[in-house]
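target08.txt (compact mmCIF, C-alpha atoms and all ligand atoms) appears below.
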# COMPACT_ATOMS: atom_id res chain seq x y z
CA MET A 154 0.00 0.00 0.00
CA ALA A 155 1.33 3.43 -0.88
CA SER A 156 2.35 5.51 2.06
CA THR A 157 0.41 8.64 2.84
CA VAL A 158 3.04 10.60 4.67
CA GLY A 159 1.98 14.02 5.90
CA TRP A 160 3.29 16.38 3.28
CA GLY A 161 2.30 19.89 4.23
CA GLY A 162 0.21 18.71 7.19
CA VAL A 163 -1.97 16.17 5.36
CA ALA A 164 -3.00 13.28 7.64
CA VAL A 165 -0.20 10.87 8.32
CA SER A 166 -0.56 7.12 8.36
CA GLU A 167 2.43 5.04 7.41
CA ALA A 168 5.80 5.31 5.77
CA GLY A 169 8.75 3.13 4.91
CA ILE A 170 12.21 4.35 5.86
CA ALA A 171 15.26 3.70 3.68
CA ILE A 172 18.93 4.33 4.28
CA ILE A 173 20.97 4.91 1.14
CA GLY A 174 24.63 4.14 1.84
CA ALA A 175 25.45 1.40 4.33
CA GLY A 176 28.97 2.51 5.29
CA MET A 177 30.15 3.98 8.55
CA ILE A 178 27.50 6.65 8.99
CA GLY A 179 24.61 4.62 7.53
CA ALA A 180 24.84 2.58 10.72
CA ALA A 181 24.35 5.67 12.91
CA HIS A 182 21.20 6.54 10.93
CA ALA A 183 19.94 2.95 11.26
CA ALA A 184 20.45 3.06 15.03
CA GLY A 185 18.65 6.40 15.25
CA TYR A 186 15.59 5.22 13.29
CA ARG A 187 15.50 1.91 15.20
CA THR A 188 15.49 3.78 18.52
CA PHE A 189 13.15 6.63 17.72
CA ALA A 190 10.74 5.51 14.97
CA PRO A 191 8.51 3.78 17.56
CA ARG A 192 8.38 6.99 19.62
CA ILE A 193 6.60 9.19 17.08
CA PRO A 194 2.88 9.39 17.82
CA GLY A 195 0.64 9.27 14.77
CA LEU A 196 3.19 7.73 12.43
CA ASP A 197 3.35 4.04 11.63
CA LEU A 198 6.96 3.91 10.50
CA ARG A 199 8.55 0.82 9.02
CA LEU A 200 12.28 0.13 8.80
CA ASP A 201 12.03 -0.81 5.17
CA ALA A 202 15.26 -0.90 3.15
CA VAL A 203 19.00 -0.42 3.33
CA CYS A 204 20.60 0.36 -0.02
CA ASP A 205 24.25 0.06 -1.00
CA MET A 206 26.05 -0.95 -4.19
CA ASN A 207 27.94 -3.29 -1.87
CA THR A 208 25.04 -5.66 -1.19
CA ASP A 209 26.94 -7.62 1.50
CA LEU A 210 27.20 -4.46 3.49
CA ALA A 211 23.57 -3.48 2.83
CA GLY A 212 22.40 -6.93 3.93
CA ARG A 213 24.48 -6.87 7.08
CA LEU A 214 23.27 -3.42 8.11
CA ALA A 215 19.65 -4.30 7.35
CA GLY A 216 19.96 -7.47 9.44
CA ALA A 217 21.74 -5.78 12.34
CA TRP A 218 19.09 -3.10 12.81
CA GLY A 219 15.94 -4.92 11.73
CA PHE A 220 15.31 -3.38 8.29
CA SER A 221 13.12 -5.70 6.19
CA ARG A 222 15.25 -5.84 3.05
CA PHE A 223 18.25 -4.56 1.16
CA GLU A 224 18.69 -3.02 -2.27
CA SER A 225 21.62 -2.20 -4.54
CA SER A 226 20.08 0.66 -6.52
CA TRP A 227 19.21 4.02 -5.02
CA GLU A 228 17.06 4.76 -8.08
CA ALA A 229 14.88 1.73 -7.21
CA VAL A 230 14.50 2.99 -3.65
CA LEU A 231 13.35 6.38 -4.88
CA ARG A 232 10.86 4.79 -7.30
CA ASP A 233 9.26 2.75 -4.50
CA PRO A 234 6.00 4.47 -3.44
CA ASP A 235 6.04 2.66 -0.08
CA ILE A 236 9.21 4.47 0.92
CA GLY A 237 8.45 7.94 2.21
CA ILE A 238 11.61 8.79 4.19
CA VAL A 239 15.22 8.52 3.02
CA SER A 240 18.54 9.15 4.69
CA ILE A 241 21.35 9.83 2.22
CA CYS A 242 24.63 8.45 3.58
CA LEU A 243 26.63 8.24 0.37
CA PRO A 244 30.06 9.72 -0.42
CA ASN A 245 30.01 13.52 -0.76
CA PHE A 246 30.09 13.64 -4.59
CA LEU A 247 26.74 11.78 -4.79
CA HIS A 248 24.80 14.03 -2.39
CA THR A 249 23.64 16.55 -5.00
CA GLU A 250 22.36 14.02 -7.53
CA VAL A 251 20.67 11.71 -5.03
CA ALA A 252 19.23 14.42 -2.76
CA GLN A 253 17.75 16.26 -5.74
CA ALA A 254 16.30 13.03 -7.16
CA ALA A 255 14.80 12.18 -3.75
CA LEU A 256 13.25 15.63 -3.41
CA ARG A 257 11.82 15.36 -6.93
CA ALA A 258 10.41 11.93 -6.03
CA GLY A 259 8.53 13.59 -3.16
CA LYS A 260 10.41 11.88 -0.32
CA HIS A 261 11.27 13.32 3.08
CA VAL A 262 15.04 13.69 2.84
CA LEU A 263 17.75 13.77 5.49
CA CYS A 264 21.05 14.31 3.65
CA GLU A 265 24.45 13.81 5.21
CA LYS A 266 26.80 16.75 5.39
CA PRO A 267 28.18 18.36 3.31
CA LEU A 268 24.94 19.10 1.45
CA ALA A 269 27.05 19.38 -1.73
CA LEU A 270 30.63 19.73 -2.91
CA ASN A 271 30.17 23.48 -3.39
CA ALA A 272 27.72 26.29 -2.67
CA ARG A 273 26.35 26.40 -6.23
CA ASP A 274 25.12 22.80 -6.01
CA ALA A 275 24.00 23.22 -2.40
CA ARG A 276 21.91 26.23 -3.42
CA ALA A 277 20.21 24.27 -6.20
CA THR A 278 19.33 21.51 -3.71
CA ARG A 279 18.09 24.11 -1.21
CA ASP A 280 15.92 25.66 -3.93
CA LEU A 281 14.36 22.28 -4.74
CA ALA A 282 13.78 21.62 -1.04
CA ARG A 283 11.92 24.92 -0.75
CA ARG A 284 9.54 23.79 -3.49
CA SER A 285 9.20 20.25 -2.14
CA ARG A 286 6.21 19.17 -0.05
CA GLY A 287 8.42 16.89 2.02
CA VAL A 288 10.47 17.64 5.13
CA SER A 289 14.18 17.96 4.45
CA GLY A 290 17.36 18.54 6.40
CA THR A 291 21.14 18.39 6.46
CA VAL A 292 22.83 16.22 9.08
CA PHE A 293 24.28 18.65 11.59
CA ASN A 294 24.19 16.24 14.50
CA TYR A 295 26.42 18.28 16.85
CA ARG A 296 23.52 20.69 17.36
CA ARG A 297 21.82 17.88 19.32
CA ILE A 298 24.55 17.24 21.84
CA PRO A 299 22.71 18.38 24.96
CA ALA A 300 25.63 20.43 26.37
CA LEU A 301 26.12 22.29 23.06
CA ALA A 302 22.37 22.93 22.74
CA ASP A 303 22.42 24.21 26.33
CA ILE A 304 25.35 26.58 25.63
CA ARG A 305 23.53 27.83 22.55
CA SER A 306 20.38 28.68 24.48
CA ARG A 307 22.46 30.59 27.06
CA VAL A 308 24.25 32.53 24.29
CA THR A 309 20.89 33.37 22.71
CA ALA A 310 19.42 34.42 26.06
CA GLY A 311 22.37 36.81 26.57
CA ASP A 312 23.74 35.03 29.67
CA LEU A 313 27.29 35.30 28.30
CA GLY A 314 26.81 38.96 27.33
CA ASP A 315 27.63 40.16 23.84
CA PRO A 316 29.36 37.61 21.57
CA VAL A 317 33.13 38.23 21.43
CA GLN A 318 34.96 35.15 20.19
CA ILE A 319 34.41 31.47 19.39
CA VAL A 320 37.14 28.84 19.05
CA ILE A 321 36.36 25.43 17.58
CA LEU A 322 38.85 22.60 17.16
CA TYR A 323 37.73 19.49 15.31
CA GLN A 324 40.68 17.13 15.60
CA CYS A 325 40.53 13.60 14.23
CA ASP A 326 43.15 10.93 13.71
CA TYR A 327 41.29 8.76 11.21
CA ALA A 328 43.79 9.52 8.43
CA ALA A 329 46.92 9.82 10.57
CA ASP A 330 48.10 6.32 9.66
CA PRO A 331 49.77 6.56 6.22
CA MET A 332 48.96 2.87 5.67
CA LEU A 333 45.23 3.56 5.68
CA PRO A 334 43.98 2.91 2.14
CA HIS A 335 43.19 5.57 -0.41
CA SER A 336 39.42 6.13 -0.86
CA TRP A 337 36.90 8.66 -2.17
CA ARG A 338 37.74 10.85 0.84
CA TYR A 339 41.23 11.68 -0.49
CA THR A 340 40.27 13.10 -3.89
CA PHE A 341 39.05 16.63 -4.46
CA ASP A 342 36.57 15.65 -7.18
CA LYS A 343 34.76 13.12 -4.95
CA ALA A 344 35.13 14.62 -1.46
CA GLY A 345 35.82 18.31 -2.12
CA PRO A 346 38.31 19.99 0.20
CA GLY A 347 39.31 17.20 2.65
CA ALA A 348 39.34 18.13 6.34
CA LEU A 349 37.54 21.35 5.47
CA LEU A 350 34.49 19.66 3.94
CA ASP A 351 34.54 16.57 6.13
CA LEU A 352 35.11 18.16 9.56
CA GLY A 353 35.13 21.91 8.95
CA THR A 354 31.49 21.54 7.85
CA HIS A 355 30.53 20.62 11.40
CA ALA A 356 32.87 23.21 12.95
CA VAL A 357 31.44 26.03 10.82
CA ASP A 358 27.89 24.87 11.49
CA VAL A 359 28.49 24.88 15.26
CA ALA A 360 30.01 28.37 14.94
CA ARG A 361 26.87 29.62 13.12
CA PHE A 362 24.66 27.78 15.60
CA MET A 363 26.26 29.79 18.43
CA PHE A 364 26.91 33.21 16.86
CA GLY A 365 24.78 33.47 13.71
CA GLU A 366 25.98 34.33 10.24
CA VAL A 367 29.58 34.66 9.15
CA ALA A 368 30.18 37.85 7.16
CA GLN A 369 33.80 37.39 6.17
CA VAL A 370 36.59 34.86 6.05
CA VAL A 371 39.56 36.96 7.13
CA GLY A 372 42.16 34.31 6.33
CA ALA A 373 42.56 30.57 5.88
CA THR A 374 45.22 27.98 5.28
CA ALA A 375 45.30 24.29 4.45
CA ASN A 376 47.93 21.60 4.01
CA ILE A 377 48.35 17.95 3.08
CA ALA A 378 50.42 15.79 5.43
CA VAL A 379 50.16 12.36 3.74
CA LYS A 380 50.63 13.08 0.04
CA GLU A 381 49.87 9.64 -1.38
CA ARG A 382 48.23 6.44 -0.16
CA ARG A 383 48.13 2.85 -1.33
CA LEU A 384 44.95 1.76 -3.08
CA PRO A 385 42.88 -0.91 -1.32
CA ALA A 386 42.89 -4.44 -2.69
CA ARG A 387 39.13 -4.67 -2.04
CA ALA A 388 36.15 -2.46 -1.07
CA THR A 389 36.59 -0.26 1.99
CA THR A 390 34.16 1.72 4.11
CA GLY A 391 34.62 4.42 6.70
CA HIS A 392 38.19 4.63 7.97
CA GLY A 393 38.88 0.90 8.08
CA HIS A 394 42.13 -0.89 7.29
CA VAL A 395 42.03 -3.45 4.49
CA GLU A 396 44.61 -5.34 2.49
CA LEU A 397 46.50 -2.87 0.28
CA SER A 398 47.47 -3.20 -3.36
CA GLU A 399 50.93 -2.16 -4.60
CA GLU A 400 49.43 0.79 -6.50
CA THR A 401 49.39 4.25 -4.95
CA ALA A 402 47.24 7.30 -5.62
CA LYS A 403 47.75 10.97 -4.89
CA VAL A 404 45.94 12.70 -2.02
CA ASP A 405 44.82 16.02 -3.50
CA ASN A 406 42.68 17.51 -0.76
CA ASP A 407 43.66 18.96 2.60
CA ASP A 408 44.46 17.00 5.75
CA VAL A 409 44.40 20.12 7.92
CA MET A 410 42.61 23.45 7.58
CA SER A 411 42.24 26.56 9.70
CA ALA A 412 40.21 29.72 9.20
CA LEU A 413 39.70 33.04 10.89
CA LEU A 414 36.13 34.27 10.66
CA ARG A 415 34.34 37.58 11.22
CA PHE A 416 30.65 37.25 12.16
CA ALA A 417 27.92 39.68 11.13
CA ASN A 418 27.53 40.61 14.83
CA GLY A 419 31.18 41.77 14.96
CA ALA A 420 32.51 38.75 16.91
CA GLN A 421 35.43 36.70 15.63
CA GLY A 422 35.91 32.97 15.29
CA TYR A 423 38.76 30.57 14.79
CA VAL A 424 38.00 27.09 13.41
CA THR A 425 40.55 24.41 12.76
CA ALA A 426 40.08 20.82 11.62
CA SER A 427 42.49 17.97 11.08
CA ARG A 428 42.11 14.35 10.00
CA VAL A 429 45.75 13.54 10.86
CA ALA A 430 45.92 14.61 14.53
CA VAL A 431 47.61 11.57 16.07
CA GLY A 432 45.78 10.35 19.17
CA ALA A 433 42.83 12.74 18.84
CA GLY A 434 40.18 10.13 18.00
CA ASN A 435 37.18 12.30 17.12
CA ARG A 436 37.57 15.32 19.38
CA VAL A 437 35.47 18.46 19.06
CA GLN A 438 36.29 21.30 21.40
CA VAL A 439 34.16 24.44 21.55
CA GLU A 440 34.94 27.60 23.51
CA VAL A 441 32.48 30.48 23.47
CA TYR A 442 33.43 33.86 24.88
CA GLY A 443 31.07 36.76 25.61
CA THR A 444 31.49 40.07 27.44
CA LYS A 445 30.06 38.52 30.63
CA GLY A 446 31.02 34.88 30.46
CA THR A 447 32.68 31.87 28.89
CA ALA A 448 31.34 28.39 28.09
CA ARG A 449 33.59 25.51 27.06
CA PHE A 450 32.91 21.95 25.99
CA THR A 451 34.71 18.92 24.63
CA THR A 452 33.32 15.70 23.21
CA GLU A 453 35.79 13.84 25.49
CA THR A 454 33.39 14.63 28.36
CA PRO A 455 30.01 15.03 26.63
CA SER A 456 27.96 14.91 29.82
CA HIS A 457 28.95 18.37 31.00
CA PHE A 458 30.25 21.76 29.97
CA ASP A 459 32.01 24.44 32.00
CA LEU A 460 30.56 27.90 32.51
CA ALA A 461 32.13 31.02 34.01
CA ILE A 462 29.96 34.10 34.44
CA PHE A 463 31.56 37.36 35.51
CA SER A 464 29.73 38.81 38.48
CA GLY A 465 31.75 42.02 38.74
CA ASP A 466 33.16 40.82 42.05
CA GLY A 467 36.59 39.25 41.45
CA PRO A 468 37.55 36.49 39.02
CA ALA A 469 34.80 34.29 37.58
CA PRO A 470 35.44 30.63 38.47
CA PHE A 471 34.32 27.87 36.11
CA GLN A 472 31.35 25.80 37.27
CA ARG A 473 30.67 22.31 35.96
CA MET A 474 27.23 22.22 34.33
CA ILE A 475 26.23 18.56 34.24
CA ASN A 476 23.51 17.08 32.06
CA ARG A 477 20.30 16.92 34.05
CA PRO A 478 16.72 15.99 33.13
CA SER A 479 16.19 19.72 32.52
CA SER A 480 18.97 19.80 29.88
CA PRO A 481 17.96 19.82 26.20
CA PHE A 482 16.80 16.37 25.01
CA ILE A 483 17.68 14.53 28.25
CA GLY A 484 14.35 14.71 30.13
CA ALA A 485 12.29 14.02 27.03
CA LEU A 486 14.39 11.40 25.25
CA ALA A 487 17.04 9.75 27.44
CA PRO A 488 16.01 6.27 28.61
CA VAL A 489 17.32 7.07 32.11
CA PRO A 490 16.73 10.81 32.54
CA HIS A 491 18.85 11.31 35.63
CA ASP A 492 21.67 13.73 36.51
CA LEU A 493 24.90 12.87 34.70
CA VAL A 494 23.64 9.73 33.00
CA SER A 495 26.16 9.69 30.17
CA ILE A 496 25.37 10.50 26.59
CA GLY A 497 27.57 10.48 23.50
CA TYR A 498 27.69 10.62 19.74
CA ALA A 499 24.95 8.04 19.05
CA GLU A 500 22.45 9.76 21.33
CA GLY A 501 22.95 13.15 19.67
CA PHE A 502 22.44 11.49 16.31
CA GLY A 503 19.25 9.83 17.54
CA TYR A 504 17.89 13.10 18.94
CA MET A 505 18.34 14.63 15.49
CA ILE A 506 16.42 11.79 13.86
CA HIS A 507 13.68 12.13 16.49
CA GLU A 508 13.35 15.82 15.60
CA PHE A 509 13.26 15.01 11.87
CA LEU A 510 10.53 12.38 12.31
CA THR A 511 8.57 14.68 14.62
CA ALA A 512 8.63 17.40 11.96
CA ILE A 513 7.24 14.86 9.45
CA ALA A 514 4.52 13.73 11.87
CA GLU A 515 3.49 17.31 12.59
CA GLY A 516 3.77 18.51 8.98
CA LYS A 517 6.28 21.17 10.03
CA SER A 518 9.60 22.19 8.56
CA PHE A 519 12.87 20.95 10.04
CA ASP A 520 14.58 24.23 10.81
CA ASN A 521 17.40 23.19 13.11
CA GLY A 522 19.82 21.87 10.48
CA SER A 523 17.81 22.59 7.36
CA MET A 524 18.92 22.47 3.75
CA GLU A 525 19.16 26.27 4.03
CA ASP A 526 21.72 25.70 6.79
CA GLY A 527 23.47 23.19 4.53
CA TYR A 528 23.66 25.80 1.77
CA ARG A 529 24.87 28.58 4.07
CA VAL A 530 27.61 26.39 5.51
CA SER A 531 28.67 25.51 1.94
CA GLN A 532 28.84 29.20 1.12
CA ILE A 533 31.21 29.81 4.05
CA LEU A 534 33.31 26.75 3.17
CA ASP A 535 33.68 27.98 -0.43
CA ALA A 536 34.92 31.30 0.97
CA VAL A 537 37.37 29.49 3.28
CA GLN A 538 38.68 27.45 0.35
CA ALA A 539 39.06 30.59 -1.80
CA ALA A 540 40.81 32.45 1.05
CA SER A 541 43.22 29.57 1.51
CA GLU A 542 43.99 29.36 -2.23
CA THR A 543 44.37 33.11 -2.82
CA GLY A 544 45.51 34.47 0.51
CA ALA A 545 42.78 37.14 0.21
CA ARG A 546 39.96 38.05 2.59
CA MET A 547 36.67 36.72 1.26
CA ASP A 548 33.24 38.22 1.93
CA VAL A 549 30.45 35.67 2.33
CA ASN A 550 27.67 36.69 -0.03
CA TRP A 551 24.31 35.02 0.48
CA GLN A 552 22.14 34.37 -2.50
CA ASP A 553 18.51 33.89 -1.65
N1 LIG B 1 27.41 13.45 10.45
C1 LIG B 1 28.57 12.92 10.76
O1 LIG B 1 29.09 13.10 11.86
C2 LIG B 1 29.27 12.08 9.72
C3 LIG B 1 30.26 11.15 10.09
C4 LIG B 1 30.84 10.37 9.08
C5 LIG B 1 30.48 10.54 7.74
N2 LIG B 1 29.55 11.48 7.43
C6 LIG B 1 29.15 11.68 6.02
O2 LIG B 1 28.44 10.54 5.57
C7 LIG B 1 28.72 10.29 4.19
C8 LIG B 1 29.18 8.84 4.05
O3 LIG B 1 30.35 8.67 4.84
P1 LIG B 1 30.79 7.21 5.34
O4 LIG B 1 31.91 7.43 6.27
O5 LIG B 1 29.60 6.44 5.80
O6 LIG B 1 31.36 6.64 3.97
P2 LIG B 1 31.61 5.11 3.61
O7 LIG B 1 32.61 5.11 2.52
O8 LIG B 1 31.87 4.32 4.86
O9 LIG B 1 30.19 4.61 3.06
C9 LIG B 1 29.64 5.04 1.85
C10 LIG B 1 28.85 3.87 1.28
O10 LIG B 1 28.22 4.31 0.08
C11 LIG B 1 28.23 3.22 -0.82
N3 LIG B 1 28.08 3.72 -2.20
C12 LIG B 1 28.96 4.45 -2.92
N4 LIG B 1 28.43 4.75 -4.12
C13 LIG B 1 27.19 4.19 -4.16
C14 LIG B 1 26.16 4.16 -5.14
N5 LIG B 1 26.28 4.77 -6.33
N6 LIG B 1 25.01 3.49 -4.85
C15 LIG B 1 24.86 2.85 -3.65
N7 LIG B 1 25.82 2.85 -2.68
C16 LIG B 1 26.96 3.53 -2.94
C17 LIG B 1 29.57 2.54 -0.60
O11 LIG B 1 29.55 1.19 -1.06
C18 LIG B 1 29.73 2.67 0.91
O12 LIG B 1 29.29 1.53 1.59
C19 LIG B 1 29.78 11.31 3.78
O13 LIG B 1 29.15 12.33 3.06
C20 LIG B 1 30.35 11.85 5.08
O14 LIG B 1 30.71 13.20 4.99
C21 LIG B 1 28.94 12.22 8.37
Translate the structure of the given file into structure tokens.
Ligand SMILES: NC(=O)c1ccc[n+]([C@@H]2O[C@H](COP(=O)([O-])OP(=O)(O)OC[C@H]3O[C@@H](n4cnc5c(N)ncnc54)[C@H](O)[C@@H]3O)[C@@H](O)[C@H]2O)c1
Amino acid sequence: MASTVGWGGVAVSEAGIAIIGAGMIGAAHAAGYRTFAPRIPGLDLRLDAVCDMNTDLAGRLAGAWGFSRFESSWEAVLRDPDIGIVSICLPNFLHTEVAQAALRAGKHVLCEKPLALNARDARATRDLARRSRGVSGTVFNYRRIPALADIRSRVTAGDLGDPVQIVILYQCDYAADPMLPHSWRYTFDKAGPGALLDLGTHAVDVARFMFGEVAQVVGATANIAVKERRLPARATTGHGHVELSEETAKVDNDDVMSALLRFANGAQGYVTASRVAVGAGNRVQVEVYGTKGTARFTTETPSHFDLAIFSGDGPAPFQRMINRPSSPFIGALAPVPHDLVSIGYAEGFGYMIHEFLTAIAEGKSFDNGSMEDGYRVSQILDAVQAASETGARMDVNWQD
């Protein structure tokens, strides 16, 4: 039976969910839908299909998370009238084509970051999303880490005073090992700028989430640490090691990038991202400074952030602000909503999927990580890339 998902507020009954791309991040989407699909009142959601050209992988992911079937063709998924909701978890260079086809097919679409390889393509996808009756969004999962959402609401409420400075470090070590195989991630035509598009996308989105729009990229720089890699002897996903062939291929996108930003509100920001930071794991550190206070957070300790508010009476000591039931997402969605019950990456991902499904159920738009946000981040990243190539300051010019 065809699904009658609630486009534009029409009554909702049932919908099949499909994940397109069964690699590393497809699994996080599967876990999110598995956890939260049953918690959406008014929607009878089915975990329907996992699609990947690597059918072994698709079958394994479908089996692990209870999806009914697997597919090899994303076109077949989009033609299926029983599928109403799709997550796009494919390599970066496929996002534009598949997201636009999914929007044209009338699906609800959650597309992995980056929305596109460049702002021109991201804008075209955003324009289609505006005309679509479905709910659409870009995966900016860090917005749903409770501590970061909490800091954001304090910044917006003015608790930290006027915005002064934001510092974001996104340090990863997934590519630090030179014996890791070459893959789509290491070529500019398939991944775009490397660390910038892979990790800087999140860093810039968190910066906007806290301080609003970026007006200018004052300066940027990028470099490649591992200049060539051996090709894999068989298919790889994520950042996994596999047997290597004797053939090598050039790495032609950045391993490390840094940018200095000027926000429309006059504040400044520094974002840096690396995929070769030995020992870093997947560490995101955020420091937000205002005229009255400072908030700081790291994903190494996701269950709290530190806050110092200047009282005008001596130095402002940092206080540990632990996750409590009153923190964003915790009271409503954590299975054990108690002080300091730990949360991490998977939970933040799930909270995003809960919000996406809720928007579908209620026939509302998904504004916290929309395709507009995806486009605006792309616009800033293009300016960072241009600043790093030319050495010039770059204004960020929005095109509506
Ligand atoms: N939000 C996050 O925190 C986060 C984290 C990791 C990755 N990502 C994003 O997710 C996307 C995927 O990354 P990944 O690490 O899962 O990559 P991956 O290489 O592990 O997986 C991609 C999968 O897509 C499949 N695929 C490729 N072309 C296909 C096609 N034409 N049809 C069907 N399947 C195809 C591959 O077989 C592979 O299994 C990227 O855009 C990346 O930026 C986001």
Query - Protein and nucleic residues near ligand LIG 1 (chain B), 7 Å, all atoms listed in the file, as a list in words - result: Ile173, Gly174, Ala175, Gly176, Met177, Ile178, Gly179, Cys204, Asp205, Met206, Asn207, Leu210, Ser225, Ser226, Trp227, Cys242, Leu243, Pro244, Asn245, Glu265, Lys266, Pro267, Val292, Phe293, Asn294, Asp351, Thr389, Thr390 and Gly391 of chain A
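Take the candidates A:Ile238, A:Arg222, A:Ser289, A:Arg187 and check each one against Ile170 in chain A using all atoms listed in the file; the shortest distance goes to A:Ile238.
We find CA of Ala412 in chain A and CA of Val317 in chain A to be spaced 16.5 Å apart.
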Requested in this report: For the point (21.3, 10.0, 33.4) in the file's frame, write as number ranges by chain all residues with an atom no more than 12 Å away, counting only C-alpha atoms.
Outcome: A: 299, 456-457, 475-480, 482-497
Same residues, C-alpha atoms, saved as a short mmCIF file (atom, residue, chain, number, x, y, z; two decimals), keeping the file's coordinate frame:
data_model
loop_
_atom_site.label_atom_id
_atom_site.label_comp_id
_atom_site.auth_asym_id
_atom_site.auth_seq_id
_atom_site.Cartn_x
_atom_site.Cartn_y
_atom_site.Cartn_z
CA PRO A 299 22.71 18.38 24.96
CA SER A 456 27.96 14.91 29.82
CA HIS A 457 28.95 18.37 31.00
CA ILE A 475 26.23 18.56 34.24
CA ASN A 476 23.51 17.08 32.06
CA ARG A 477 20.30 16.92 34.05
CA PRO A 478 16.72 15.99 33.13
CA SER A 479 16.19 19.72 32.52
CA SER A 480 18.97 19.80 29.88
CA PHE A 482 16.80 16.37 25.01
CA ILE A 483 17.68 14.53 28.25
CA GLY A 484 14.35 14.71 30.13
CA ALA A 485 12.29 14.02 27.03
CA LEU A 486 14.39 11.40 25.25
CA ALA A 487 17.04 9.75 27.44
CA PRO A 488 16.01 6.27 28.61
CA VAL A 489 17.32 7.07 32.11
CA PRO A 490 16.73 10.81 32.54
CA HIS A 491 18.85 11.31 35.63
CA ASP A 492 21.67 13.73 36.51
CA LEU A 493 24.90 12.87 34.70
CA VAL A 494 23.64 9.73 33.00
CA SER A 495 26.16 9.69 30.17
CA ILE A 496 25.37 10.50 26.59
CA GLY A 497 27.57 10.48 23.50
#
Report summary line: Among A:Arg383, A:Ser240, A:His335, A:Tyr323, Glu453 in chain A is approached most closely, using all atoms listed in the file, by A:Tyr323
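As for CA of Lys260 in chain A and CA of Leu198 in chain A, they are spaced 13.9 Å apart.
Computed from the coordinates, the CA of Ala183 in chain A to CA of Cys264 in chain A distance equals 13.7 Å.
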Query raised in the report: For Ala375 in chain A, which residue among A:Val359, A:Leu349, A:Ala433, A:Leu231 is the nearest when counting all atoms listed in the file?
Result: A:Leu349
Query raised in the report: From the list A:Ala386, A:Leu510, A:Met410, A:Ala180, which residue is nearest Leu350 in chain A when using all atoms listed in the file?
Result: A:Met410
Requested in this report: Using all atoms listed in the file, determine which residues lie at most 9 Å from Leu247 in chain A, disregarding the query and same-chain residues fewer than 4 positions distant; provide the list as a count of residues only.
Outcome: 5
Report task. Find the residues near Leu200 in chain A: any atom within 9 Å, counting all atoms listed in the file, skip ones fewer than 5 places away on the same chain, and give them as a list in words. Result -> Ala168, Gly169, Ile170, Ala171, Ala183, Tyr186, Arg187, Ala190, Ala215, Trp218, Gly219, Phe220, Ser221 and Arg222 of chain A
Please produce a file of the residues just selected, as a PDB file, keeping the file's coordinate frame, where the atoms kept are C-alpha atoms.
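Full text of out-v6.pdb as output:
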ATOM      1  CA  ALA A 168       5.800   5.310   5.770  1.00  0.00           C
ATOM      2  CA  GLY A 169       8.750   3.130   4.910  1.00  0.00           C
ATOM      3  CA  ILE A 170      12.210   4.350   5.860  1.00  0.00           C
ATOM      4  CA  ALA A 171      15.260   3.700   3.680  1.00  0.00           C
ATOM      5  CA  ALA A 183      19.940   2.950  11.260  1.00  0.00           C
ATOM      6  CA  TYR A 186      15.590   5.220  13.290  1.00  0.00           C
ATOM      7  CA  ARG A 187      15.500   1.910  15.200  1.00  0.00           C
ATOM      8  CA  ALA A 190      10.740   5.510  14.970  1.00  0.00           C
ATOM      9  CA  ALA A 215      19.650  -4.300   7.350  1.00  0.00           C
ATOM     10  CA  TRP A 218      19.090  -3.100  12.810  1.00  0.00           C
ATOM     11  CA  GLY A 219      15.940  -4.920  11.730  1.00  0.00           C
ATOM     12  CA  PHE A 220      15.310  -3.380   8.290  1.00  0.00           C
ATOM     13  CA  SER A 221      13.120  -5.700   6.190  1.00  0.00           C
ATOM     14  CA  ARG A 222      15.250  -5.840   3.050  1.00  0.00           C
TER      15      ARG A 222
END
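Proximity of A:Val320, A:Ala368, A:Val395, A:Ala536 to Val439 in chain A, computed with only C-alpha atoms, is greatest for A:Val320.
If only C-alpha atoms are the atoms counted, then among A:Gly216, A:Gly237, A:Gly516, A:Pro470 the closest residue to Arg199 in chain A is A:Gly237.
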Report task. Find the residues around Arg283 in chain A up to 12 Å (all atoms listed in the file counted), leave out those fewer than 2 positions away in its own chain, and share them as a ChimeraX atom specification. Result -> /A:161,253,256-257,276-281,285-290,518-520,523-525,553
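Non-sequential neighbours of Leu414 in chain A (distance at most 8 Å, separation of 4 or more positions within a chain, all atoms listed in the file) are Val367, Ala368, Gln369, Val370, Val371, Gly372, Gln421, Gly422, Tyr423 and Val424 of chain A.
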Requested in this report: Please work out which residues fall within 8 Å of (42.5, 14.8, 17.2), coordinates as given in the file, with all atoms listed in the file counting, and return them as a PyMOL selection string.
Outcome: chain A and resi 323-326+427-436
Export, as a compact mmCIF listing (two decimals), keeping the file's coordinate frame, the selected residues with C-alpha atoms.
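So result14.txt came out as:
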# COMPACT_ATOMS: atom_id res chain seq x y z
CA TYR A 323 37.73 19.49 15.31
CA GLN A 324 40.68 17.13 15.60
CA CYS A 325 40.53 13.60 14.23
CA ASP A 326 43.15 10.93 13.71
CA SER A 427 42.49 17.97 11.08
CA ARG A 428 42.11 14.35 10.00
CA VAL A 429 45.75 13.54 10.86
CA ALA A 430 45.92 14.61 14.53
CA VAL A 431 47.61 11.57 16.07
CA GLY A 432 45.78 10.35 19.17
CA ALA A 433 42.83 12.74 18.84
CA GLY A 434 40.18 10.13 18.00
CA ASN A 435 37.18 12.30 17.12
CA ARG A 436 37.57 15.32 19.38
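Residues with any atom within 10 Å of Leu301 in chain A, counting all atoms listed in the file and excluding same-chain neighbours fewer than 5 positions away, are A:Tyr295, A:Arg296, A:Ser306, A:Arg307, A:Val359, A:Phe362, A:Met363, A:Val439, A:Ala448, A:Arg449, A:Phe450, A:Thr451, A:Thr452, A:Pro455, A:His457, A:Phe458, A:Pro481.
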